[in-house]
Amino acid sequence: MGLKAALATNPIFPAIATRERIRWAGLTESDFELITTYENIGVCKPNPDYFKEVAERIGVAPEECLMVGNDVGDDMPAEKLGMRVFLLTDCLINKDGEDIEKYPHGDFDALFKYIENSI
């Protein structure tokens with residue numbers, strides 16, 4: 001689709017562990033423009049500076065980004081920076097019981113439809 005992808009996982013693991021998680025998911029490092037690890041980024045989600053730095057490193061404005069995640073508290077704050085968001089409800093994490101209806105959300109099929117309709 002010609003889109004840039006960043007693996008914007010919370011950088012709490014070293015690169016070696018994150019690379020293993022990528023392989024476990026059936027992906028490769030080359031699938032991503034950026035992979036965040038604790039060696040290469042100094043802030044964590046939900047800090048807005050995390051999302052800002054990810055966008056800067058892949059060379060796009062936050063408004064050009066779509067943050068996809070399954071954690072309401074960690075991933076949806078990207079919206080405050082102007083990023084569009086999509087909440088994956090497969091394996092949903094919603095520690096505070098926040099109303100998710102305010103976010104585009106659904107399973108992977110719904111995500112793919114959302115992306116197709118957004119391009």
# chains A, B, ... in the order shown; residues from 1 in each chain; ligands from 1

call {"tool": "select_by_dssp", "arguments": {"residues": "chain A", "states": "helix (DSSP H, G or I)", "output": "number ranges by chain"}}
result
A: 15-24, 29-31, 48-57, 62-64, 72-81, 100-102, 108-118

call {"tool": "closest_atom_pairs", "arguments": {"of": "stretch 35-79 of chain A", "to": "stretch 21-25 of chain A", "cutoff": "12 Å", "atoms": "only C-alpha atoms", "output": "Markdown table"}}
result
| residue | atom | partner | partner_atom | distance |
| --- | --- | --- | --- | --- |
| A:Ile35 | CA | A:Ile22 | CA | 9.6 |
| A:Thr36 | CA | A:Ile22 | CA | 11.7 |
| A:Thr37 | CA | A:Arg21 | CA | 11.7 |

call {"tool": "write_last_selection", "arguments": {"atoms": "C-alpha atoms", "output": "PDB file, in the first residue's frame"}}
result
ATOM      1  CA  ILE A  35      11.393  -0.492  15.773  1.00  0.00           C
ATOM      2  CA  THR A  36      11.413   1.088  19.214  1.00  0.00           C
ATOM      3  CA  THR A  37      13.473  -0.550  21.958  1.00  0.00           C
TER       4      THR A  37
END

call {"tool": "residues_around", "arguments": {"residues": "stretch 64-76 of chain A", "least_positions_apart": "5", "cutoff": "12 Å", "atoms": "only C-alpha atoms", "output": "MDAnalysis selection string"}}
result
chainID A and resid 3:11 44:48 50:52 54:56 58:59 81:108 110:112 114:115 118:119

call {"tool": "closest_residue", "arguments": {"among": "A:Glu39, A:Glu63, A:Arg57, A:Asp49", "to": "A:Thr18", "atoms": "only C-alpha atoms"}}
result
A:Glu39

call {"tool": "decode", "arguments": {"residues": "stretch 93-108 of chain A", "atoms": "all heavy atoms", "output": "CSV table (one decimal), in the first residue's frame"}}
result
chain,number,residue,atom,x,y,z
A,93,ILE,N,-6.7,-4.3,26.1
A,93,ILE,CA,-6.3,-3.9,27.4
A,93,ILE,C,-6.9,-2.6,27.7
A,93,ILE,O,-6.7,-1.6,27.0
A,93,ILE,CB,-4.7,-3.8,27.5
A,93,ILE,CG1,-4.1,-5.1,27.2
A,93,ILE,CG2,-4.3,-3.3,28.9
A,93,ILE,CD1,-2.6,-5.0,27.0
A,94,ASN,N,-7.8,-2.5,28.8
A,94,ASN,CA,-8.5,-1.3,29.1
A,94,ASN,C,-8.6,-1.3,30.7
A,94,ASN,O,-9.6,-1.5,31.3
A,94,ASN,CB,-9.9,-1.3,28.5
A,94,ASN,CG,-10.6,0.0,28.7
A,94,ASN,OD1,-10.1,0.9,29.2
A,94,ASN,ND2,-11.8,0.0,28.2
A,95,LYS,N,-7.4,-1.0,31.3
A,95,LYS,CA,-7.3,-1.1,32.7
A,95,LYS,C,-8.3,-0.2,33.5
A,95,LYS,O,-8.7,-0.6,34.6
A,95,LYS,CB,-5.9,-0.8,33.2
A,95,LYS,CG,-4.8,-1.7,32.7
A,95,LYS,CD,-3.5,-1.3,33.0
A,95,LYS,CE,-2.4,-2.1,32.3
A,95,LYS,NZ,-1.1,-1.5,32.2
A,96,ASP,N,-8.6,1.0,32.9
A,96,ASP,CA,-9.5,1.9,33.6
A,96,ASP,C,-10.9,1.8,33.2
A,96,ASP,O,-11.8,2.6,33.6
A,96,ASP,CB,-9.0,3.3,33.4
A,96,ASP,CG,-7.6,3.6,34.0
A,96,ASP,OD1,-7.3,2.9,35.1
A,96,ASP,OD2,-6.8,4.3,33.5
A,97,GLY,N,-11.3,0.8,32.3
A,97,GLY,CA,-12.6,0.7,31.8
A,97,GLY,C,-13.2,1.8,31.0
A,97,GLY,O,-14.4,2.2,31.1
A,98,GLU,N,-12.3,2.5,30.3
A,98,GLU,CA,-12.6,3.7,29.5
A,98,GLU,C,-13.6,3.3,28.4
A,98,GLU,O,-13.6,2.2,27.8
A,98,GLU,CB,-11.4,4.3,28.9
A,98,GLU,CG,-11.6,5.6,28.2
A,98,GLU,CD,-10.3,6.2,27.7
A,98,GLU,OE1,-9.2,5.9,28.3
A,98,GLU,OE2,-10.4,7.0,26.8
A,99,ASP,N,-14.6,4.1,28.1
A,99,ASP,CA,-15.5,3.9,27.0
A,99,ASP,C,-14.7,3.9,25.7
A,99,ASP,O,-14.2,5.0,25.3
A,99,ASP,CB,-16.6,5.0,27.0
A,99,ASP,CG,-17.6,4.9,25.9
A,99,ASP,OD1,-17.6,3.8,25.2
A,99,ASP,OD2,-18.4,5.8,25.7
A,100,ILE,N,-14.7,2.8,25.0
A,100,ILE,CA,-13.9,2.8,23.7
A,100,ILE,C,-14.7,3.2,22.5
A,100,ILE,O,-14.2,3.3,21.4
A,100,ILE,CB,-13.4,1.4,23.5
A,100,ILE,CG1,-14.5,0.3,23.3
A,100,ILE,CG2,-12.5,1.0,24.7
A,100,ILE,CD1,-14.0,-1.0,22.8
A,101,GLU,N,-16.0,3.5,22.7
A,101,GLU,CA,-16.8,3.9,21.5
A,101,GLU,C,-16.3,5.2,20.9
A,101,GLU,O,-16.6,5.5,19.7
A,101,GLU,CB,-18.3,4.1,21.9
A,101,GLU,CG,-18.9,2.7,22.3
A,101,GLU,CD,-18.9,1.7,21.2
A,101,GLU,OE1,-19.1,2.0,20.0
A,101,GLU,OE2,-18.5,0.5,21.5
A,102,LYS,N,-15.6,6.0,21.6
A,102,LYS,CA,-15.1,7.3,21.0
A,102,LYS,C,-13.9,7.0,20.1
A,102,LYS,O,-13.5,8.0,19.4
A,102,LYS,CB,-14.7,8.2,22.1
A,102,LYS,CG,-13.6,7.7,23.0
A,102,LYS,CD,-13.4,8.8,24.2
A,102,LYS,CE,-12.5,8.2,25.2
A,102,LYS,NZ,-12.4,9.1,26.4
A,103,TYR,N,-13.4,5.8,20.0
A,103,TYR,CA,-12.3,5.5,19.1
A,103,TYR,C,-12.7,4.6,18.0
A,103,TYR,O,-13.5,3.7,18.2
A,103,TYR,CB,-11.1,4.8,19.9
A,103,TYR,CG,-10.6,5.5,21.1
A,103,TYR,CD1,-10.8,5.0,22.3
A,103,TYR,CD2,-9.9,6.7,20.9
A,103,TYR,CE1,-10.4,5.6,23.5
A,103,TYR,CE2,-9.5,7.4,22.1
A,103,TYR,CZ,-9.7,6.8,23.3
A,103,TYR,OH,-9.2,7.5,24.4
A,104,PRO,N,-12.2,4.7,16.8
A,104,PRO,CA,-12.4,3.7,15.8
A,104,PRO,C,-11.8,2.4,16.4
A,104,PRO,O,-10.7,2.4,16.9
A,104,PRO,CB,-11.6,4.2,14.6
A,104,PRO,CG,-11.3,5.6,14.8
A,104,PRO,CD,-11.3,5.8,16.3
A,105,HIS,N,-12.6,1.3,16.3
A,105,HIS,CA,-12.1,0.1,16.9
A,105,HIS,C,-12.7,-1.1,16.2
A,105,HIS,O,-13.6,-1.0,15.5
A,105,HIS,CB,-12.4,0.1,18.4
A,105,HIS,CG,-13.9,0.1,18.7
A,105,HIS,ND1,-14.6,1.2,18.7
A,105,HIS,CD2,-14.7,-0.9,19.0
A,105,HIS,CE1,-15.9,0.9,19.0
A,105,HIS,NE2,-16.0,-0.4,19.1
A,106,GLY,N,-12.1,-2.3,16.5
A,106,GLY,CA,-12.5,-3.5,16.0
A,106,GLY,C,-11.4,-4.5,15.9
A,106,GLY,O,-10.3,-4.3,16.4
A,107,ASP,N,-11.7,-5.6,15.2
A,107,ASP,CA,-10.7,-6.7,15.0
A,107,ASP,C,-9.8,-6.3,13.8
A,107,ASP,O,-9.9,-5.2,13.2
A,107,ASP,CB,-11.4,-8.0,14.8
A,107,ASP,CG,-12.3,-8.1,13.6
A,107,ASP,OD1,-12.3,-7.2,12.7
A,107,ASP,OD2,-13.1,-9.1,13.5
A,108,PHE,N,-9.0,-7.3,13.4
A,108,PHE,CA,-8.0,-7.0,12.3
A,108,PHE,C,-8.8,-6.7,10.9
A,108,PHE,O,-8.3,-5.9,10.2
A,108,PHE,CB,-7.0,-8.1,12.1
A,108,PHE,CG,-5.9,-8.1,13.1
A,108,PHE,CD1,-5.9,-8.8,14.2
A,108,PHE,CD2,-4.8,-7.2,12.9
A,108,PHE,CE1,-4.9,-8.8,15.1
A,108,PHE,CE2,-3.8,-7.2,13.8
A,108,PHE,CZ,-3.8,-7.9,14.9
